>>> print(open('query-v1.cif').read())   # mmCIF, C-alpha atoms
data_structure
#
loop_
_atom_site.label_atom_id
_atom_site.label_comp_id
_atom_site.auth_asym_id
_atom_site.auth_seq_id
_atom_site.Cartn_x
_atom_site.Cartn_y
_atom_site.Cartn_z
CA MET J 540 -11.25 75.43 -62.85
CA LEU J 541 -7.60 75.14 -61.79
CA VAL J 542 -8.69 74.21 -58.27
CA VAL J 543 -10.92 71.43 -59.63
CA LEU J 544 -8.08 70.20 -61.85
CA ILE J 545 -5.57 69.99 -58.98
CA LYS J 546 -8.03 68.32 -56.61
CA SER J 547 -9.04 65.86 -59.36
CA LEU J 548 -5.42 64.91 -60.04
CA ILE J 549 -4.85 64.19 -56.32
CA ILE J 550 -8.11 62.25 -55.88
CA GLY J 551 -7.61 60.29 -59.11
CA ALA J 552 -4.02 59.32 -58.29
CA LEU J 553 -4.91 58.17 -54.76
CA GLY J 554 -8.04 56.28 -55.81
CA GLY J 555 -6.45 54.83 -58.95
CA ALA J 556 -3.45 53.44 -57.08
CA ALA J 557 -5.51 51.85 -54.31
CA ILE J 558 -8.24 50.44 -56.56
CA ALA J 559 -5.83 48.99 -59.14
CA ALA J 560 -3.75 47.33 -56.41
CA GLY J 561 -6.95 46.03 -54.81
CA ALA J 562 -8.04 44.63 -58.17
CA ALA J 563 -4.69 42.83 -58.62
CA ARG J 564 -5.20 41.25 -55.20
CA MET J 565 -8.50 39.76 -56.46
CA PHE J 566 -6.46 37.20 -58.38
CA TYR J 567 -5.23 35.86 -55.02
CA ALA J 568 -8.64 35.86 -53.26
CA PRO J 569 -9.90 34.49 -50.96
CA GLU J 570 -6.51 33.77 -49.33
CA VAL J 571 -5.72 37.49 -49.67
CA GLN J 572 -8.42 40.05 -48.83
CA SER J 573 -8.98 42.09 -51.97
CA MET J 574 -11.33 44.80 -53.14
CA GLY J 575 -13.16 45.23 -56.41
CA ALA J 576 -16.12 43.16 -57.53
CA PHE J 577 -16.73 39.69 -58.94
CA ARG J 578 -17.93 41.27 -62.15
CA THR J 579 -14.71 43.29 -62.44
CA LEU J 580 -12.76 40.06 -62.02
CA GLY J 581 -14.87 38.40 -64.71
CA GLU J 582 -14.43 41.34 -67.07
CA LEU J 583 -10.66 41.52 -66.53
CA ASN J 584 -10.50 37.81 -67.31
CA ALA J 585 -12.76 38.24 -70.35
CA CYS J 586 -10.23 40.60 -71.91
CA LYS J 587 -7.71 37.73 -71.78
CA GLY J 588 -4.71 39.98 -71.20
CA ASP J 589 -5.12 41.71 -74.54
CA PRO J 590 -4.29 45.43 -74.15
CA ILE J 591 -6.52 46.62 -77.03
CA THR J 592 -9.55 44.89 -75.54
CA HIS J 593 -8.85 46.31 -72.08
CA PHE J 594 -8.60 49.81 -73.59
CA SER J 595 -11.74 49.60 -75.71
CA PHE J 596 -13.74 48.12 -72.83
CA GLY J 597 -12.69 51.02 -70.60
CA LEU J 598 -13.21 53.55 -73.38
CA GLY J 599 -16.85 52.58 -73.81
CA PHE J 600 -17.46 53.25 -70.13
CA LEU J 601 -15.49 56.50 -70.30
CA PHE J 602 -18.02 57.87 -72.82
CA ASN J 603 -20.82 56.73 -70.55
CA SER J 604 -19.20 58.38 -67.51
CA ALA J 605 -18.57 61.56 -69.48
CA ALA J 606 -22.27 61.80 -70.36
CA SER J 607 -23.20 61.29 -66.71
CA VAL J 608 -20.71 63.80 -65.30
CA VAL J 609 -21.67 66.49 -67.81
CA GLY J 610 -25.35 65.94 -67.09
CA ALA J 611 -25.38 65.43 -63.33
CA GLY J 612 -21.85 65.77 -61.89
CA ALA J 613 -21.79 62.02 -61.14
CA LEU J 614 -18.74 60.10 -62.42
CA THR J 615 -20.62 56.75 -62.18
CA GLN J 616 -19.21 53.72 -60.36
CA ASP J 617 -17.64 52.57 -63.62
CA VAL J 618 -14.61 54.86 -63.17
CA LEU J 619 -13.34 52.75 -60.26
CA HIS J 620 -15.01 49.46 -61.24
CA ARG J 621 -14.04 49.35 -64.90
CA ILE J 622 -12.07 52.21 -66.46
CA ILE J 623 -9.17 52.36 -63.99
CA PRO J 624 -8.60 48.57 -63.57
CA ASN J 625 -8.88 47.89 -67.30
CA TRP J 626 -6.76 50.83 -68.46
CA ALA J 627 -4.12 50.18 -65.81
CA ALA J 628 -3.98 46.54 -66.94
CA GLY J 629 -3.95 47.57 -70.61
CA LEU J 630 -1.13 50.05 -70.04
CA LEU J 631 1.04 47.40 -68.36
CA LEU J 632 0.18 44.73 -70.93
CA LEU J 633 1.37 46.98 -73.76
CA ARG J 634 4.92 46.53 -72.48
CA ASN J 635 4.70 43.00 -71.09
CA ARG J 636 2.08 40.46 -72.14
CA LYS J 637 2.66 38.17 -69.13
CA VAL J 638 -0.33 38.76 -66.81
CA GLU J 639 1.62 37.30 -63.84
CA ASP J 640 4.06 40.25 -64.01
CA THR J 641 1.47 42.89 -64.85
CA MET J 642 -2.26 42.53 -64.11
CA TYR J 643 -1.67 40.14 -61.19
CA ASN J 644 1.08 42.35 -59.70
CA PRO J 645 -0.36 44.85 -57.16
CA ALA J 646 2.72 47.11 -57.20
CA ALA J 647 2.74 47.50 -60.98
CA MET J 648 -1.04 47.95 -61.02
CA ALA J 649 -0.84 50.61 -58.27
CA ALA J 650 1.65 52.65 -60.29
CA ALA J 651 -0.32 52.35 -63.52
CA GLY J 652 -3.59 52.93 -61.66
CA ALA J 653 -2.31 56.17 -60.12
CA LEU J 654 -1.40 57.53 -63.55
CA VAL J 655 -4.63 56.40 -65.22
CA GLY J 656 -6.74 57.55 -62.26
CA ALA J 657 -5.26 61.05 -62.16
CA LEU J 658 -5.72 61.54 -65.91
CA VAL J 659 -9.23 60.03 -66.13
CA VAL J 660 -10.68 61.85 -63.09
CA ALA J 661 -9.10 65.16 -64.14
CA PHE J 662 -10.37 64.69 -67.69
CA LEU J 663 -13.91 63.85 -66.58
CA ASN J 664 -14.13 66.75 -64.12
CA THR J 665 -12.80 69.38 -66.51
CA VAL J 666 -13.01 68.69 -70.23
CA ALA J 667 -15.59 65.88 -70.46
CA ALA J 668 -17.99 68.37 -71.99
CA ALA J 669 -15.85 68.26 -75.15
CA ILE J 670 -16.87 64.66 -76.03
CA PRO J 671 -19.34 64.52 -78.92
CA THR J 672 -22.78 64.03 -77.44
CA SER J 673 -23.79 61.47 -80.08
CA MET J 674 -20.98 59.07 -79.07
CA ALA J 675 -21.68 59.53 -75.38
CA VAL J 676 -25.37 58.79 -75.96
CA VAL J 677 -24.66 55.62 -77.96
CA ALA J 678 -22.21 54.38 -75.34
CA ALA J 679 -24.68 55.02 -72.53
CA LYS J 680 -27.58 53.40 -74.39
CA VAL J 681 -25.60 50.29 -75.39
CA LEU J 682 -23.46 49.67 -72.30
CA GLY J 683 -26.18 50.58 -69.80
CA PRO J 684 -28.59 47.77 -70.75
CA ALA J 685 -25.72 45.31 -71.33
CA SER J 686 -24.27 45.81 -67.85
CA ASN J 687 -27.73 45.77 -66.28
CA LEU J 688 -28.45 42.42 -67.96
CA MET J 689 -25.07 41.19 -66.76
CA ILE J 690 -25.86 42.05 -63.14
CA ASN J 691 -29.40 40.66 -63.38
CA PRO J 692 -30.14 37.97 -64.53
CA VAL J 693 -26.91 36.67 -66.13
CA MET J 694 -24.58 36.74 -63.09
CA PRO J 695 -27.14 35.17 -60.70
CA ILE J 696 -27.80 32.36 -63.22
CA ILE J 697 -24.10 31.61 -63.74
CA PHE J 698 -23.38 31.43 -60.00
CA TRP J 699 -26.58 29.45 -59.41
CA LEU J 700 -25.75 26.85 -62.06
CA ALA J 701 -22.17 26.63 -60.77
CA ALA J 702 -23.59 25.85 -57.32
CA LEU J 703 -25.99 23.22 -58.69
CA ASP J 704 -23.11 21.55 -60.55
CA ALA J 705 -20.94 21.55 -57.42
CA GLY J 706 -23.03 18.97 -55.54
CA LYS J 707 -26.27 18.37 -53.62
CA GLU J 708 -25.26 20.36 -50.52
CA SER J 709 -24.03 23.40 -52.45
CA GLY J 710 -27.02 23.29 -54.75
CA ILE J 711 -29.55 23.24 -51.92
CA ALA J 712 -27.78 25.88 -49.82
CA ALA J 713 -27.19 28.20 -52.80
CA THR J 714 -30.79 27.86 -53.99
CA ILE J 715 -32.22 28.83 -50.60
CA LEU J 716 -29.69 31.57 -49.81
CA GLY J 717 -29.70 32.80 -53.42
CA GLY J 718 -33.48 33.08 -53.46
CA LEU J 719 -33.49 34.92 -50.14
CA ALA J 720 -30.66 37.19 -51.29
CA HIS J 721 -32.50 38.13 -54.47
CA MET J 722 -35.49 39.14 -52.34
CA ILE J 723 -33.59 40.88 -49.56
CA MET J 724 -30.44 42.30 -51.19
CA GLY J 725 -31.81 42.72 -54.69
CA ASN J 726 -29.34 40.26 -56.24
CA ALA J 727 -28.85 36.52 -55.82
CA VAL J 728 -25.08 36.49 -56.41
CA PRO J 729 -23.95 37.10 -52.79
CA GLY J 730 -26.44 34.45 -51.63
CA CYS J 731 -25.21 31.89 -54.17
CA ILE J 732 -21.61 32.57 -53.09
CA LEU J 733 -22.49 32.07 -49.42
CA GLY J 734 -24.47 28.97 -50.40
CA ILE J 735 -21.46 27.49 -52.18
CA LEU J 736 -19.25 28.24 -49.15
CA ILE J 737 -21.70 26.66 -46.71
CA GLY J 738 -22.61 23.73 -48.98
CA LYS J 739 -18.96 22.82 -49.63
CA SER J 740 -18.22 23.15 -45.92
CA ILE J 741 -21.08 20.74 -45.06
CA GLU J 742 -19.92 18.33 -47.75
CA ASP J 743 -16.30 18.33 -46.53
CA ASN J 744 -16.73 18.54 -42.75
CA GLY J 745 -20.39 17.83 -42.00
CA PHE J 746 -22.16 20.11 -39.52
CA SER J 747 -18.94 20.85 -37.67
CA ARG J 748 -18.51 23.72 -35.23
CA ALA J 749 -16.98 25.84 -38.00
CA THR J 750 -19.90 25.15 -40.33
CA ASN J 751 -22.44 26.02 -37.64
CA ILE J 752 -20.69 29.30 -36.79
CA MET J 753 -20.72 30.14 -40.49
CA ILE J 754 -24.45 29.41 -40.74
CA ALA J 755 -25.10 31.58 -37.66
CA LEU J 756 -23.05 34.45 -39.11
CA VAL J 757 -24.89 34.25 -42.41
CA THR J 758 -28.26 34.21 -40.64
CA ILE J 759 -27.32 37.37 -38.72
CA LEU J 760 -26.06 38.94 -41.94
CA TYR J 761 -29.38 38.29 -43.67
CA LEU J 762 -31.44 39.59 -40.75
CA LEU J 763 -29.37 42.78 -40.54
CA ILE J 764 -29.52 43.49 -44.25
CA ALA J 765 -33.23 42.71 -44.32
CA TYR J 766 -33.75 45.21 -41.53
CA PHE J 767 -31.59 47.97 -43.02
CA ARG J 768 -33.01 47.61 -46.51
CA GLY J 769 -36.59 47.73 -45.24
CA PHE J 770 -37.46 44.12 -46.13
CA PHE J 771 -39.52 43.51 -43.01
CA VAL J 772 -41.69 46.54 -43.85
CA GLN J 773 -42.32 45.01 -47.28
CA LEU J 774 -43.05 41.62 -45.69
CA ALA J 775 -45.49 43.12 -43.19
CA LYS J 776 -47.71 44.23 -46.07
CA PHE J 777 -48.68 40.56 -46.62
CA ILE J 778 -49.74 39.94 -43.03
CA MET A 163 9.80 45.15 -57.54
CA ALA A 164 9.74 41.80 -55.78
CA ALA A 165 9.75 43.46 -52.35
CA ASN A 166 7.00 45.89 -53.36
CA ARG A 167 4.94 43.07 -54.71
CA SER A 168 5.11 41.08 -51.54
CA PHE A 169 4.33 44.20 -49.46
CA LEU A 170 1.18 44.94 -51.46
CA LEU A 171 0.08 41.33 -51.09
CA GLN A 172 0.46 41.36 -47.29
CA PRO A 173 -2.83 40.76 -45.41
CA TRP A 174 -2.74 44.07 -43.50
CA THR A 175 -1.91 46.15 -46.57
CA PHE A 176 -5.61 45.83 -47.30
CA VAL A 177 -6.29 48.37 -44.52
CA LEU A 178 -3.90 50.83 -46.16
CA LEU A 179 -5.44 50.32 -49.61
CA LEU A 180 -8.98 50.83 -48.34
CA ALA A 181 -7.87 53.92 -46.38
CA VAL A 182 -6.31 55.52 -49.47
CA ALA A 183 -9.32 54.59 -51.62
CA GLY A 184 -11.59 55.99 -48.90
CA ALA A 185 -9.69 59.30 -48.98
CA ALA A 186 -10.14 59.50 -52.77
CA VAL A 187 -13.87 58.74 -52.70
CA PHE A 188 -14.50 61.14 -49.80
CA GLY A 189 -12.53 63.74 -51.75
CA GLY A 190 -14.79 63.08 -54.72
CA THR A 191 -17.83 63.80 -52.56
CA HIS A 192 -16.17 67.04 -51.39
CA LEU A 193 -15.65 67.96 -55.04
CA TYR A 194 -19.33 67.33 -55.72
CA VAL A 195 -20.62 69.30 -52.74
CA VAL A 196 -18.34 72.28 -53.42
CA HIS A 197 -17.85 72.24 -57.22
CA HIS A 198 -20.88 70.15 -58.40
CA THR A 199 -18.79 67.56 -60.21
CA GLY A 200 -16.78 64.44 -59.41
CA ALA A 201 -18.88 62.21 -57.09
CA PHE A 202 -17.83 58.57 -57.62
CA ASN A 203 -21.32 57.14 -57.99
CA GLU A 204 -24.33 56.60 -60.23
CA ILE A 205 -26.65 59.51 -60.96
CA PHE A 206 -29.55 58.15 -58.90
CA VAL A 207 -27.37 57.64 -55.81
CA VAL A 208 -25.79 61.08 -56.09
CA GLN A 209 -29.25 62.59 -56.44
CA MET A 210 -30.19 61.18 -53.04
CA LEU A 211 -27.32 63.18 -51.53
CA ASP A 212 -28.32 66.16 -53.62
CA LYS A 213 -31.84 66.03 -52.24
CA GLY A 214 -30.35 66.18 -48.75
CA LEU A 215 -28.14 69.14 -49.69
CA ARG A 216 -31.16 71.06 -50.96
CA SER A 217 -33.76 70.12 -48.34
CA GLY A 218 -31.68 69.16 -45.30
CA ASP A 219 -33.34 65.71 -45.22
CA TYR A 220 -30.58 63.11 -45.56
CA ALA A 221 -32.63 60.05 -44.53
CA ALA A 222 -32.87 58.54 -48.04
CA ALA A 223 -29.15 58.77 -48.75
CA ALA A 224 -28.09 57.61 -45.27
CA GLY A 225 -30.52 54.66 -45.15
CA PHE A 226 -29.77 53.41 -48.65
CA ALA A 227 -26.02 53.68 -48.24
CA ALA A 228 -25.83 52.26 -44.72
CA GLY A 229 -27.65 49.09 -45.79
CA PHE A 230 -25.16 48.50 -48.58
CA LEU A 231 -22.18 49.33 -46.39
CA ILE A 232 -23.14 46.83 -43.68
CA ALA A 233 -23.96 44.07 -46.18
CA ARG A 234 -20.63 44.48 -47.95
CA ILE A 235 -18.58 44.69 -44.74
CA LEU A 236 -20.01 41.31 -43.66
CA GLU A 237 -19.82 39.71 -47.11
CA GLY A 238 -16.33 40.98 -48.04
CA PRO A 239 -14.28 38.97 -45.55
CA LEU A 240 -16.32 35.81 -46.18
CA VAL A 241 -15.65 35.73 -49.93
CA GLY A 242 -12.30 37.57 -50.00
CA VAL A 243 -13.51 40.28 -52.41
CA LEU A 244 -14.85 43.50 -50.86
CA ASP A 245 -17.38 44.97 -53.30
CA ILE A 246 -16.21 48.57 -53.67
CA GLY A 247 -19.51 49.66 -55.24
CA GLY A 248 -21.56 49.16 -52.09
CA SER A 249 -18.87 49.60 -49.44
CA LEU A 250 -16.57 52.30 -50.75
CA MET A 251 -18.45 54.36 -53.32
CA THR A 252 -21.94 54.22 -51.80
CA GLY A 253 -21.12 53.58 -48.11
CA ILE A 254 -18.08 55.80 -47.56
CA GLY A 255 -18.78 58.20 -50.43
CA ILE A 256 -22.48 58.88 -49.86
CA GLY A 257 -23.67 57.29 -46.60
CA ILE A 258 -21.06 58.64 -44.17
CA PRO A 259 -21.13 62.19 -45.60
CA ALA A 260 -24.94 62.10 -45.44
CA VAL A 261 -24.86 61.10 -41.77
CA MET A 262 -22.30 63.85 -41.04
CA LEU A 263 -24.24 66.52 -42.91
CA ALA A 264 -27.47 65.45 -41.22
CA ALA A 265 -25.70 65.93 -37.86
CA GLY A 266 -24.58 69.39 -38.95
CA ILE A 267 -20.91 68.42 -39.30
CA ARG A 268 -19.93 70.21 -42.52
CA ALA A 269 -16.18 70.86 -42.20
CA PRO A 270 -14.94 67.36 -43.21
CA ILE A 271 -16.92 67.63 -46.44
CA GLU A 272 -16.33 71.28 -47.31
CA ASN A 273 -12.59 71.45 -46.56
CA PHE A 274 -10.48 69.47 -49.07
CA PRO A 275 -7.54 68.34 -46.86
CA LEU A 276 -9.97 67.52 -44.07
CA ALA A 277 -12.10 65.51 -46.54
CA LEU A 278 -9.08 63.43 -47.58
CA LEU A 279 -8.17 62.87 -43.93
CA THR A 280 -11.73 61.90 -42.97
CA GLY A 281 -11.93 59.42 -45.85
CA LEU A 282 -8.55 58.00 -44.86
CA VAL A 283 -9.66 57.44 -41.27
CA VAL A 284 -13.06 56.01 -42.21
CA GLY A 285 -11.48 53.69 -44.80
CA ALA A 286 -8.86 52.50 -42.33
CA ALA A 287 -11.51 51.84 -39.67
CA ILE A 288 -13.63 49.77 -42.08
CA GLY A 289 -10.53 47.97 -43.36
CA LEU A 290 -9.57 47.05 -39.79
CA LEU A 291 -13.09 45.84 -39.07
CA ILE A 292 -12.98 43.58 -42.14
CA MET A 293 -9.60 42.14 -41.14
CA VAL A 294 -10.93 41.46 -37.62
CA ILE A 295 -13.95 39.65 -39.07
CA ARG A 296 -11.55 37.57 -41.17
CA LYS A 297 -9.52 36.69 -38.08
CA ILE A 298 -12.49 35.51 -36.00
CA MET A 299 -13.95 33.62 -38.94
CA PRO A 300 -13.68 29.87 -38.30
CA GLU A 301 -10.70 28.07 -39.83
CA GLY A 302 -11.19 26.11 -43.00
CA ILE A 303 -14.15 28.10 -44.26
CA SER A 304 -12.51 30.56 -46.59
CA SER A 305 -10.69 28.00 -48.72
CA VAL A 306 -13.67 25.80 -49.64
CA GLY A 307 -15.63 26.44 -52.79
CA THR A 308 -13.17 28.98 -54.18
CA ASP A 309 -12.60 26.98 -57.35
CA VAL A 310 -16.35 26.97 -57.98
CA MET A 311 -16.58 30.74 -57.52
CA MET A 312 -13.55 31.52 -59.65
CA GLY A 313 -14.97 29.28 -62.39
CA ALA A 314 -18.25 31.18 -62.23
CA GLY A 315 -16.43 34.54 -62.24
CA ASN A 316 -14.53 33.55 -65.36
CA ALA A 317 -17.68 32.24 -67.06
CA ALA A 318 -19.44 35.55 -66.35
CA GLY A 319 -16.93 37.48 -68.43
CA ARG A 320 -17.72 35.43 -71.53
CA TYR A 321 -21.33 36.69 -71.56
CA LEU A 322 -20.34 40.33 -71.93
CA GLY A 323 -19.65 40.33 -75.68
CA PRO A 324 -22.97 38.81 -76.74
CA LEU A 325 -24.83 41.02 -74.23
CA ILE A 326 -23.30 44.17 -75.74
CA ILE A 327 -24.33 43.04 -79.23
CA VAL A 328 -27.89 42.34 -78.06
CA SER A 329 -28.12 45.76 -76.36
CA ALA A 330 -26.71 47.54 -79.42
CA ILE A 331 -29.28 45.85 -81.67
CA GLN A 332 -32.08 46.89 -79.31
CA TYR A 333 -30.78 50.48 -79.44
CA GLY A 334 -30.79 50.77 -83.22
CA ILE A 335 -29.92 49.17 -86.55
CA PRO A 336 -26.62 51.03 -87.23
CA ALA A 337 -25.25 50.42 -83.73
CA GLY A 338 -26.39 46.80 -83.97
CA ILE A 339 -24.63 46.20 -87.30
CA GLY A 340 -21.51 47.94 -85.98
CA ALA A 341 -21.56 45.73 -82.88
CA PHE A 342 -21.77 42.33 -84.57
CA VAL A 343 -19.45 43.23 -87.45
CA GLY A 344 -16.91 44.62 -84.97
CA ALA A 345 -17.25 41.49 -82.84
CA ALA A 346 -16.75 39.22 -85.88
CA VAL A 347 -13.65 41.15 -86.95
CA PHE A 348 -12.19 40.94 -83.43
CA TYR A 349 -12.94 37.22 -83.32
CA LYS A 350 -11.10 36.76 -86.64
CA TRP A 351 -8.10 38.54 -85.06
CA ASP A 352 -8.33 36.30 -81.95
CA LYS A 353 -9.37 39.27 -79.80
CA PRO A 354 -12.22 39.03 -77.23
CA ILE A 355 -15.38 40.12 -79.03
CA ALA A 356 -16.59 42.61 -76.38
CA GLY A 357 -14.06 45.24 -77.47
CA GLY A 358 -14.97 44.98 -81.15
CA ALA A 359 -18.67 45.11 -80.33
CA ILE A 360 -18.30 48.33 -78.30
CA LEU A 361 -16.11 50.12 -80.86
CA GLY A 362 -18.30 49.06 -83.79
CA ALA A 363 -21.50 50.12 -82.04
CA MET A 364 -20.10 53.51 -81.02
CA ILE A 365 -18.68 54.35 -84.46
CA LEU A 366 -21.71 53.37 -86.56
CA GLY A 367 -24.14 54.51 -83.86
CA ALA A 368 -22.59 58.00 -83.81
CA LEU A 369 -22.39 58.24 -87.62
CA PHE A 370 -26.07 57.31 -88.07
CA PRO A 371 -27.81 58.61 -84.94
CA VAL A 372 -31.27 57.38 -83.94
CA LYS A 373 -33.77 60.08 -84.94
#
>>> encode(input="query-v1.cif", output="structure tokens")
Amino acid sequence: MLVVLIKSLIIGALGGAAIAAGAARMFYAPEVQSMGAFRTLGELNACKGDPITHFSFGLGFLFNSAASVVGAGALTQDVLHRIIPNWAAGLLLLRNRKVEDTMYNPAAMAAAGALVGALVVAFLNTVAAAIPTSMAVVAAKVLGPASNLMINPVMPIIFWLAALDAGKESGIAATILGGLAHMIMGNAVPGCILGILIGKSIEDNGFSRATNIMIALVTILYLLIAYFRGFFVQLAKFI
Amino acid sequence: MAANRSFLLQPWTFVLLLAVAGAAVFGGTHLYVVHHTGAFNEIFVVQMLDKGLRSGDYAAAAGFAAGFLIARILEGPLVGVLDIGGSLMTGIGIGIPAVMLAAGIRAPIENFPLALLTGLVVGAAIGLLIMVIRKIMPEGISSVGTDVMMGAGNAAGRYLGPLIIVSAIQYGIPAGIGAFVGAAVFYKWDKPIAGGAILGAMILGALFPVK
């Protein structure tokens, strides 16, 4: 048990620091390469810099993760996607409500993330079994469907409508690439994002060299993903 | 603090961040293989690795994870946000260990310091690859359409509160009542309603469990 505790503290501190700093960098994307997820960005923004909301949002997922780790040893992706970024932000916002100095600051987020990460990972890997099952079950049953609905269909629709509102070129490109992405990757959001990028590029610069390189890259991307995710095997069934 | 801040916002710091995150996630996989707890992924993904550990057939885990890893490595530099679910947690955490185990290389997974080191190296390599893709990407692409995407990202967050209430109501009457009452109270206090909905649903849902 002690070995698991020590390893968990190390892993949690490392992961928490890196992920929280990566999440803070999302507020400067795409100029700065960041790591996280568009949904994490949306959720951090949804909490509007209010520490209590950041904490309760993370807490709900903590119960869910606890149920999963007790049952199957899997922490769920929510530890890095949701609990650590939101609790790190909440911790900083308790002392300073200005998001520019806290949630948007990678150094502050890295420090808070290391602390939160070490505690959360150690807690989940050792004493998660102590959480009342009834609460864990409710959290899993409520947050599971809500986040599934968020990923599909809510997020694709939001990005799709944003593309349609952004002009003819973006709308056409995002509709085609979004539709293909939903078939090939399982979710339209990456396709809609690429569609917006390509559509805006066509609108601003026409079919310039840069635009054409972009289209070629995206075509290769789609073909590769289609191959690796077995899409062509699925397609062959119709021939 | 100002110096730290600018350092962590430097372009190449991304490689360092992904390397450290890679070490953590690889360490989590080590913890799972050796102590049966702590893998940073969803149950169904971890079970693919588990199937490999029991039967020696890692094809499902490796194939699933490699597809995600490649998609995210190509998408990440184009949009400026690397999705850590597909790249880090599934790709580095499940896919690479699965490939190693399938090849009979067990030491980097079973030895803790070696696991951290392996994750560090793999994360750094992928981070470098992403920065190289960013460099060769044509000029003037990455800045267009950002405002549209940020607007959509912000709009997405607003849906969360109502979605939680809807899910809570589908789960059961007590959780449902807790969710919308909690959301209303939070709205009265000028707090985002998602937090109130979650707390309300968990409290009433646990007090009056579904039979």
>>> atom_distance(input="query-v1.cif", atom1="atom CA of Thr191 of chain A", atom2="atom CA of Ala228 of chain A")
16.1 Å
>>> interface_residues(input="query-v1.cif", of="chain A", to="chain J", cutoff="6 Å", atoms="only C-alpha atoms", output="PyMOL selection string")
chain A and resi 166-167+170+179+183+186+198-205+229+233+241-246+300+307+314-316+318-320+325-326+329-330+354+357+364+368
>>> atom_distance(input="query-v1.cif", atom1="atom CA of Ala185 of chain A", atom2="atom CA of Leu279 of chain A")
6.4 Å
>>> resolve_selection(input="query-v1.cif", expression="the PyMOL selection byres ((chain A and resi 341) around 9)", output="PyMOL selection string")
chain A and resi 326-328+330-331+336-340+342-346+356+358-364+366
>>> atom_distance(input="query-v1.cif", atom1="atom CA of Gln172 of chain A", atom2="atom CA of Gly289 of chain A")
13.4 Å
>>> closest_residue(input="query-v1.cif", among="A:Gly218, A:Gly248, A:Gly184, A:Pro173", to="Ala286 of chain A", atoms="all atoms listed in the file")
A:Gly184
>>> resolve_selection(input="query-v1.cif", expression="the PyMOL selection byres ((chain A and resi 227) around 10)", output="list in words")
Phe767 and Arg768 of chain J; Val207, Met210, Ala221, Ala222, Ala223, Ala224, Gly225, Phe226, Ala228, Gly229, Phe230, Leu231, Ile232, Gly248, Ser249, Leu250, Met251, Thr252, Gly253, Ile254, Gly255, Ile256, Gly257, Ile258, Ala260 and Val261 of chain A
>>> resolve_selection(input="query-v1.cif", expression="the PyMOL selection byres ((chain A and resi 189) around 8)", output="list of chain:residue names")
J:Ile550, A:Ala185, A:Ala186, A:Val187, A:Phe188, A:Gly190, A:Thr191, A:His192, A:Leu193, A:Ile271, A:Phe274, A:Ala277, A:Leu278, A:Gly281
>>> closest_residue(input="query-v1.cif", among="A:Pro239, A:Phe348, A:Lys297, A:Val310", to="Gly710 of chain J", atoms="only C-alpha atoms")
A:Val310
